[in-house]
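Chemist: What follows is start32.cif, mmCIF, C-alpha atoms.
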data_input
#
loop_
_atom_site.label_atom_id
_atom_site.label_comp_id
_atom_site.auth_asym_id
_atom_site.auth_seq_id
_atom_site.Cartn_x
_atom_site.Cartn_y
_atom_site.Cartn_z
CA MET B 1 122.45 117.96 131.17
CA GLU B 2 122.78 117.61 127.42
CA LEU B 3 123.90 114.04 127.97
CA ALA B 4 120.76 113.41 130.06
CA ARG B 5 118.65 114.81 127.22
CA ASP B 6 120.31 112.51 124.68
CA ILE B 7 120.01 109.47 126.95
CA LEU B 8 116.31 110.23 127.46
CA LEU B 9 115.84 110.46 123.69
CA TYR B 10 117.57 107.12 123.07
CA ILE B 11 115.57 105.37 125.79
CA VAL B 12 112.26 106.75 124.51
CA ILE B 13 112.85 105.83 120.88
CA ALA B 14 114.21 102.37 121.78
CA VAL B 15 111.24 101.52 124.00
CA CYS B 16 108.69 102.96 121.55
CA ALA B 17 110.26 101.14 118.58
CA ILE B 18 109.98 97.85 120.45
CA THR B 19 106.42 98.38 121.68
CA ASP B 20 105.23 99.58 118.27
CA VAL B 21 106.64 96.55 116.49
CA MET B 22 105.57 94.03 119.15
CA TYR B 23 102.16 95.40 120.17
CA GLY B 24 101.29 98.01 117.54
CA LYS B 25 101.11 100.65 120.29
CA ILE B 26 103.09 103.52 121.69
CA PHE B 27 102.16 103.83 125.33
CA ASN B 28 101.19 107.05 127.11
CA ARG B 29 103.18 105.94 130.15
CA ILE B 30 106.30 106.45 127.99
CA THR B 31 105.39 109.55 125.97
CA TYR B 32 103.81 111.75 128.66
CA PRO B 33 106.73 111.48 131.12
CA ALA B 34 109.15 111.96 128.19
CA ILE B 35 107.42 115.22 127.24
CA MET B 36 107.60 116.48 130.82
CA LEU B 37 111.22 115.38 131.34
CA GLY B 38 112.23 116.92 128.01
CA LEU B 39 110.75 120.26 129.03
CA ILE B 40 112.33 120.09 132.51
CA ILE B 41 115.80 119.15 131.23
CA ASN B 42 115.68 121.93 128.64
CA LEU B 43 114.59 124.40 131.32
CA PHE B 44 117.77 123.54 133.25
CA LEU B 45 119.81 124.04 130.07
CA GLY B 46 118.63 127.66 129.82
CA MET B 47 115.84 129.78 128.44
CA GLY B 48 117.00 129.30 124.84
CA SER B 49 116.84 125.52 125.16
CA PHE B 50 113.49 125.70 126.91
CA GLN B 51 112.01 127.91 124.18
CA SER B 52 113.39 125.57 121.53
CA SER B 53 111.83 122.65 123.41
CA VAL B 54 108.40 124.28 123.61
CA ILE B 55 108.48 125.30 119.95
CA GLY B 56 109.67 121.83 118.89
CA MET B 57 106.93 120.20 120.94
CA LEU B 58 104.20 122.42 119.48
CA VAL B 59 105.42 122.15 115.88
CA ALA B 60 105.60 118.36 116.11
CA PHE B 61 102.18 118.15 117.72
CA VAL B 62 100.48 120.34 115.11
CA LEU B 63 102.16 118.68 112.10
CA PHE B 64 101.41 115.16 113.23
CA LEU B 65 97.93 116.02 114.49
CA ILE B 66 97.00 117.09 110.96
CA VAL B 67 98.13 113.72 109.58
CA PHE B 68 96.33 111.96 112.44
CA MET B 69 93.10 113.81 111.62
CA ILE B 70 93.06 112.50 108.04
CA GLY B 71 93.68 108.97 109.28
CA GLY B 72 97.34 108.71 108.29
CA LEU B 73 98.71 107.63 111.66
CA GLY B 74 97.77 106.88 115.24
CA GLY B 75 97.62 109.02 118.35
CA GLY B 76 100.70 107.34 119.83
CA ASP B 77 102.72 108.50 116.82
CA VAL B 78 101.61 112.09 117.46
CA LYS B 79 102.62 111.85 121.12
CA LEU B 80 105.96 110.21 120.29
CA MET B 81 106.92 112.99 117.88
CA THR B 82 105.69 115.57 120.41
CA ALA B 83 108.01 113.98 122.98
CA ILE B 84 110.92 114.12 120.54
CA GLY B 85 110.17 117.79 119.96
CA ALA B 86 110.11 118.43 123.70
CA ILE B 87 113.38 116.57 124.24
CA LYS B 88 115.47 117.88 121.32
CA GLY B 89 113.60 121.04 120.37
CA TYR B 90 113.37 123.02 117.19
CA PRO B 91 114.83 122.76 114.48
CA PHE B 92 115.88 119.17 115.29
CA VAL B 93 112.27 117.97 115.31
CA MET B 94 111.79 119.17 111.73
CA TYR B 95 114.67 117.00 110.54
CA ALA B 96 113.36 114.07 112.59
CA ALA B 97 109.86 114.54 111.10
CA PHE B 98 111.23 114.74 107.55
CA TYR B 99 113.36 111.62 107.91
CA SER B 100 110.54 109.80 109.70
CA ALA B 101 108.21 110.53 106.80
CA LEU B 102 110.89 109.37 104.36
CA VAL B 103 111.49 106.11 106.25
CA GLY B 104 107.75 105.56 106.73
CA GLY B 105 107.08 106.17 103.04
CA LEU B 106 109.76 103.68 102.03
CA MET B 107 108.41 101.14 104.52
CA SER B 108 104.88 101.62 103.15
CA ILE B 109 105.96 101.23 99.54
CA GLY B 110 107.93 98.11 100.42
CA ILE B 111 105.00 96.56 102.29
CA MET B 112 102.53 97.43 99.53
CA ILE B 113 104.79 95.87 96.90
CA TRP B 114 105.43 92.80 99.10
CA ARG B 115 101.69 92.25 99.59
CA GLY B 116 100.78 93.00 95.95
CA ARG B 117 98.70 96.06 96.88
CA PHE B 118 100.81 98.89 95.49
CA ILE B 119 98.30 100.16 92.90
CA ARG B 120 95.37 100.02 95.34
CA GLY B 121 97.37 101.82 98.03
CA MET B 122 98.52 104.60 95.67
CA ARG B 123 94.95 105.05 94.40
CA ASN B 124 93.75 105.46 98.00
CA ILE B 125 96.45 108.05 98.79
CA PHE B 126 95.82 110.10 95.65
CA ARG B 127 92.06 109.97 96.19
CA VAL B 128 92.48 111.56 99.62
CA LEU B 129 95.05 114.14 98.47
CA PHE B 130 92.88 115.28 95.57
CA SER B 131 89.83 115.51 97.83
CA TYR B 132 91.75 117.90 100.10
CA ILE B 133 92.86 119.99 97.12
CA PHE B 134 89.26 120.21 95.87
CA SER B 135 87.98 121.07 99.35
CA PHE B 136 90.29 124.11 99.39
CA VAL B 137 89.20 125.20 95.90
CA PHE B 138 85.52 124.42 96.48
CA PRO B 139 84.80 124.98 100.21
CA GLY B 140 81.48 123.11 100.14
CA ILE B 141 83.14 119.79 99.33
CA LYS B 142 84.07 117.69 102.35
CA PRO B 143 87.53 116.05 102.12
CA LEU B 144 87.79 112.27 102.33
CA SER B 145 89.70 110.27 104.92
CA LEU B 146 91.97 107.34 104.19
CA ASN B 147 89.97 104.15 103.73
CA PRO B 148 91.28 101.75 106.40
CA GLU B 149 90.26 98.71 104.34
CA GLU B 150 92.44 99.89 101.45
CA SER B 151 95.34 101.12 103.59
CA GLU B 152 98.40 99.16 104.60
CA LYS B 153 99.22 99.39 108.27
CA ILE B 154 102.86 99.96 109.18
CA PRO B 155 104.45 100.50 112.57
CA PHE B 156 104.99 104.21 111.93
CA GLY B 157 106.37 104.67 115.44
CA PHE B 158 109.25 102.46 114.32
CA ALA B 159 109.72 104.75 111.30
CA ILE B 160 109.73 107.77 113.66
CA CYS B 161 112.45 106.12 115.74
CA LEU B 162 114.60 105.36 112.67
CA GLY B 163 114.01 108.85 111.26
CA THR B 164 114.99 110.39 114.59
CA LEU B 165 118.21 108.35 114.67
CA TRP B 166 118.91 109.52 111.13
CA ALA B 167 118.46 113.13 112.28
CA VAL B 168 120.76 112.50 115.28
CA LEU B 169 123.46 111.21 112.94
CA GLU B 170 123.00 114.21 110.67
CA PHE B 171 123.38 116.62 113.56
CA MET B 172 126.27 114.63 115.05
CA PHE B 173 128.33 114.48 111.87
CA ASN B 174 126.96 117.65 110.25
CA ILE B 175 126.26 115.79 106.99
CA SER B 176 122.94 116.19 105.23
CA ILE B 177 121.25 114.01 102.64
CA PHE B 178 120.77 117.25 100.72
CA ASP B 179 124.55 117.61 100.37
CA TYR B 180 124.50 114.50 98.20
CA LEU B 181 121.33 115.33 96.31
CA LYS B 182 122.67 118.78 95.34
CA ILE B 183 119.47 120.45 96.51
#
Please go through the file and, once you have read it, give me the structure as structure tokens.
Modeler:
Amino acid sequence: MELARDILLYIVIAVCAITDVMYGKIFNRITYPAIMLGLIINLFLGMGSFQSSVIGMLVAFVLFLIVFMIGGLGGGDVKLMTAIGAIKGYPFVMYAAFYSALVGGLMSIGIMIWRGRFIRGMRNIFRVLFSYIFSFVFPGIKPLSLNPEESEKIPFGFAICLGTLWAVLEFMFNISIFDYLKI
């Protein structure tokens, strides 16, 4: 059954990487069945796996929903990471989310530099971050959302797929990036 779970993960991230790059979309007809199959497979693997699956699914959903709400990514990205959480569970999904953010950040920086919009993009990001900090300090201030006209669009679903593969390799070989960074 663990092999079925891994095969499901590879199929989901391969299909979603392709559709995100080609069409700019991650389709519900892939993510919803993946969430259900992930939960079902983990149920057959035992209560511990099922609990890990549910926790992973919920953690991924909440983390990525927050970023979605400020305009940082699309709904398909939220559902893809939720599916990964349902398939591989917790704590795997935390590693996948971290590496996805790292890959996505590097992709964004590369695209902004390539298009000559690095300064404008960084200004937009810091403007939103500072508005959220001020909204916590001064509750009457409404936080800003990312300005789509000043934001670079990247296929973040592709970054999620690469970040998830990075997490798979880390779990497979038990080697962490933090081992090399001395953190």
Chemist: For Ala14 in chain B, list every protein, DNA or RNA residue within 12 Å, evaluated using only C-alpha atoms, and leave out those in the same chain fewer than 2 positions away; present the list as a list in words.
Modeler: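 These residues fall inside the cut-off: Ile7, Leu8, Leu9, Tyr10, Ile11, Val12, Cys16, Ala17, Ile18, Thr19, Asp20, Val21, Ile26, Ile30, Leu80, Gly157, Phe158, Ala159, Ile160, Cys161, Leu162, Thr164 and Leu165 of chain B.
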Chemist: My list of candidates is B:Gly104, B:Val78, B:Leu169, B:Ile125. Which is closest to Val62 in chain B when distances are computed with all atoms listed in the file?
Modeler: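 Closest to Val62 in chain B of all the choices is B:Val78.
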Chemist: Taking all atoms of range 55-60 of chain B that the file lists, what box with edges along x, y and z, padded by 3 Å per side, do you get, with centre and edge lengths in Å to one decimal, as AutoDock Vina command-line options?
Modeler:
--center_x 106.9 --center_y 121.8 --center_z 118.4 --size_x 11.5 --size_y 12.9 --size_z 11.1
Chemist: Go through B:Ile55, B:Ile40, B:Met22, B:Val128 and flag the residue nearest Val67 in chain B, using all atoms listed in the file for the distances.
Modeler: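 Looking at the shortest contact to Val67 in chain B, the residue is B:Val128.
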Chemist: My list of candidates is B:Thr82, B:Ser108, B:Gln51, B:Thr31. Which is closest to Lys153 in chain B when distances are computed with all atoms listed in the file?
Modeler: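 Under the stated criterion, the closest residue is B:Ser108.
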Chemist: In Å, how far is it from CA of Phe134 in chain B to CA of Met94 in chain B?
Modeler: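 Taking CA of Phe134 in chain B and CA of Met94 in chain B, their separation equals 27.6 Å.
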Chemist: I'd like to know which of B:Ile119, B:Met47, B:Ile35, B:Ala101 is closest to Gly85 in chain B, using only C-alpha atoms.
Modeler: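 Going through B:Ile119, B:Met47, B:Ile35, B:Ala101 one by one, the smallest distance to Gly85 in chain B is for B:Ile35.
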Chemist: Can you write range 13-163 of chain B from the block above with C-alpha atoms, as a CSV table (one decimal), in the first residue's frame?
Modeler:
chain,number,residue,atom,x,y,z
B,13,ILE,CA,2.6,15.9,-9.2
B,14,ALA,CA,3.6,15.0,-12.7
B,15,VAL,CA,0.1,15.7,-14.1
B,16,CYS,CA,-0.2,19.0,-12.1
B,17,ALA,CA,3.3,20.2,-13.1
B,18,ILE,CA,2.4,19.7,-16.8
B,19,THR,CA,-1.1,21.3,-16.6
B,20,ASP,CA,0.3,24.2,-14.6
B,21,VAL,CA,3.0,25.0,-17.1
B,22,MET,CA,0.9,24.4,-20.2
B,23,TYR,CA,-2.4,25.9,-19.1
B,24,GLY,CA,-1.7,27.8,-15.9
B,25,LYS,CA,-4.2,25.7,-14.1
B,26,ILE,CA,-4.3,22.8,-11.6
B,27,PHE,CA,-7.5,21.0,-12.2
B,28,ASN,CA,-10.0,19.9,-9.6
B,29,ARG,CA,-10.6,16.6,-11.4
B,30,ILE,CA,-7.0,15.7,-10.4
B,31,THR,CA,-6.8,17.2,-6.9
B,32,TYR,CA,-10.1,16.1,-5.4
B,33,PRO,CA,-9.7,12.4,-6.3
B,34,ALA,CA,-6.1,12.6,-5.1
B,35,ILE,CA,-7.3,13.9,-1.7
B,36,MET,CA,-9.8,11.1,-1.4
B,37,LEU,CA,-7.5,8.4,-2.6
B,38,GLY,CA,-4.7,9.7,-0.2
B,39,LEU,CA,-7.1,9.4,2.8
B,40,ILE,CA,-8.4,6.0,1.7
B,41,ILE,CA,-4.9,4.5,1.1
B,42,ASN,CA,-3.7,5.9,4.5
B,43,LEU,CA,-6.7,4.4,6.2
B,44,PHE,CA,-5.7,1.0,4.9
B,45,LEU,CA,-2.2,1.6,6.2
B,46,GLY,CA,-3.5,2.0,9.7
B,47,MET,CA,-4.8,4.5,12.1
B,48,GLY,CA,-1.5,6.2,12.6
B,49,SER,CA,-1.1,6.8,8.8
B,50,PHE,CA,-4.7,8.0,8.6
B,51,GLN,CA,-4.2,10.5,11.4
B,52,SER,CA,-1.0,11.7,9.8
B,53,SER,CA,-2.9,12.0,6.5
B,54,VAL,CA,-5.7,14.1,8.0
B,55,ILE,CA,-3.3,16.3,9.9
B,56,GLY,CA,-1.1,16.8,6.8
B,57,MET,CA,-4.1,17.6,4.7
B,58,LEU,CA,-5.4,20.2,7.2
B,59,VAL,CA,-2.0,21.8,7.9
B,60,ALA,CA,-1.4,22.2,4.1
B,61,PHE,CA,-4.8,23.6,3.5
B,62,VAL,CA,-4.6,26.2,6.3
B,63,LEU,CA,-1.0,27.3,5.5
B,64,PHE,CA,-1.7,27.7,1.8
B,65,LEU,CA,-5.2,29.2,2.3
B,66,ILE,CA,-3.5,32.1,4.2
B,67,VAL,CA,-1.2,32.8,1.3
B,68,PHE,CA,-4.1,32.4,-1.2
B,69,MET,CA,-6.1,35.0,0.8
B,70,ILE,CA,-3.4,37.6,0.5
B,71,GLY,CA,-3.2,37.0,-3.3
B,72,GLY,CA,0.1,35.1,-3.3
B,73,LEU,CA,-1.1,32.0,-5.1
B,74,GLY,CA,-4.1,30.4,-6.8
B,75,GLY,CA,-6.8,28.0,-5.5
B,76,GLY,CA,-5.4,25.1,-7.5
B,77,ASP,CA,-2.1,25.5,-5.6
B,78,VAL,CA,-4.0,25.2,-2.3
B,79,LYS,CA,-5.7,22.1,-3.4
B,80,LEU,CA,-2.5,20.5,-4.8
B,81,MET,CA,-0.7,21.0,-1.5
B,82,THR,CA,-3.8,19.7,0.4
B,83,ALA,CA,-3.7,16.6,-1.8
B,84,ILE,CA,0.0,16.1,-1.1
B,85,GLY,CA,-0.7,16.4,2.6
B,86,ALA,CA,-3.5,13.8,2.3
B,87,ILE,CA,-1.3,11.4,0.4
B,88,LYS,CA,2.0,11.7,2.4
B,89,GLY,CA,0.8,13.1,5.7
B,90,TYR,CA,2.5,15.1,8.4
B,91,PRO,CA,5.4,15.9,8.8
B,92,PHE,CA,6.2,15.2,5.1
B,93,VAL,CA,3.9,18.0,4.0
B,94,MET,CA,5.9,20.6,6.0
B,95,TYR,CA,9.1,19.7,4.2
B,96,ALA,CA,7.3,19.7,0.9
B,97,ALA,CA,5.8,23.2,1.7
B,98,PHE,CA,9.2,24.6,2.8
B,99,TYR,CA,11.0,23.3,-0.3
B,100,SER,CA,8.1,24.4,-2.5
B,101,ALA,CA,8.3,28.0,-1.1
B,102,LEU,CA,12.1,27.9,-1.6
B,103,VAL,CA,11.8,26.7,-5.2
B,104,GLY,CA,9.0,29.2,-5.9
B,105,GLY,CA,10.9,32.1,-4.4
B,106,LEU,CA,14.0,31.3,-6.5
B,107,MET,CA,11.7,31.0,-9.6
B,108,SER,CA,10.2,34.4,-8.8
B,109,ILE,CA,13.5,36.1,-8.3
B,110,GLY,CA,14.8,34.6,-11.5
B,111,ILE,CA,11.7,35.7,-13.5
B,112,MET,CA,11.8,39.2,-12.0
B,113,ILE,CA,15.5,39.6,-12.8
B,114,TRP,CA,14.9,38.2,-16.4
B,115,ARG,CA,12.1,40.7,-17.0
B,116,GLY,CA,13.8,43.6,-15.4
B,117,ARG,CA,11.2,44.0,-12.6
B,118,PHE,CA,13.1,42.9,-9.6
B,119,ILE,CA,12.9,46.2,-7.7
B,120,ARG,CA,9.2,46.7,-8.4
B,121,GLY,CA,8.4,43.2,-7.4
B,122,MET,CA,10.4,43.4,-4.1
B,123,ARG,CA,8.7,46.8,-3.3
B,124,ASN,CA,5.3,45.1,-3.8
B,125,ILE,CA,6.1,42.2,-1.5
B,126,PHE,CA,7.5,44.4,1.3
B,127,ARG,CA,4.5,46.8,1.0
B,128,VAL,CA,2.2,43.9,1.7
B,129,LEU,CA,4.3,42.4,4.5
B,130,PHE,CA,4.6,45.7,6.3
B,131,SER,CA,0.9,46.3,5.9
B,132,TYR,CA,0.2,43.0,7.7
B,133,ILE,CA,2.6,43.9,10.5
B,134,PHE,CA,1.0,47.2,11.0
B,135,SER,CA,-2.5,45.7,10.9
B,136,PHE,CA,-1.5,43.5,13.9
B,137,VAL,CA,0.0,46.4,15.8
B,138,PHE,CA,-2.8,48.8,14.9
B,139,PRO,CA,-6.0,46.7,14.5
B,140,GLY,CA,-7.9,49.4,12.7
B,141,ILE,CA,-5.6,49.4,9.7
B,142,LYS,CA,-6.7,47.0,6.9
B,143,PRO,CA,-3.8,45.0,5.4
B,144,LEU,CA,-3.1,45.3,1.7
B,145,SER,CA,-3.2,42.5,-0.9
B,146,LEU,CA,-0.6,41.9,-3.6
B,147,ASN,CA,-1.1,44.2,-6.5
B,148,PRO,CA,-1.6,41.9,-9.5
B,149,GLU,CA,-0.3,44.5,-12.0
B,150,GLU,CA,3.0,44.7,-10.1
B,151,SER,CA,3.3,41.0,-9.4
B,152,GLU,CA,5.1,38.4,-11.6
B,153,LYS,CA,3.1,35.3,-12.3
B,154,ILE,CA,4.9,32.0,-11.9
B,155,PRO,CA,3.5,28.5,-12.3
B,156,PHE,CA,3.7,27.9,-8.5
B,157,GLY,CA,2.1,24.5,-8.9
B,158,PHE,CA,5.3,23.5,-10.8
B,159,ALA,CA,7.3,24.8,-7.8
B,160,ILE,CA,5.1,22.7,-5.5
B,161,CYS,CA,5.9,19.6,-7.6
B,162,LEU,CA,9.6,20.3,-7.6
B,163,GLY,CA,9.6,21.1,-3.8
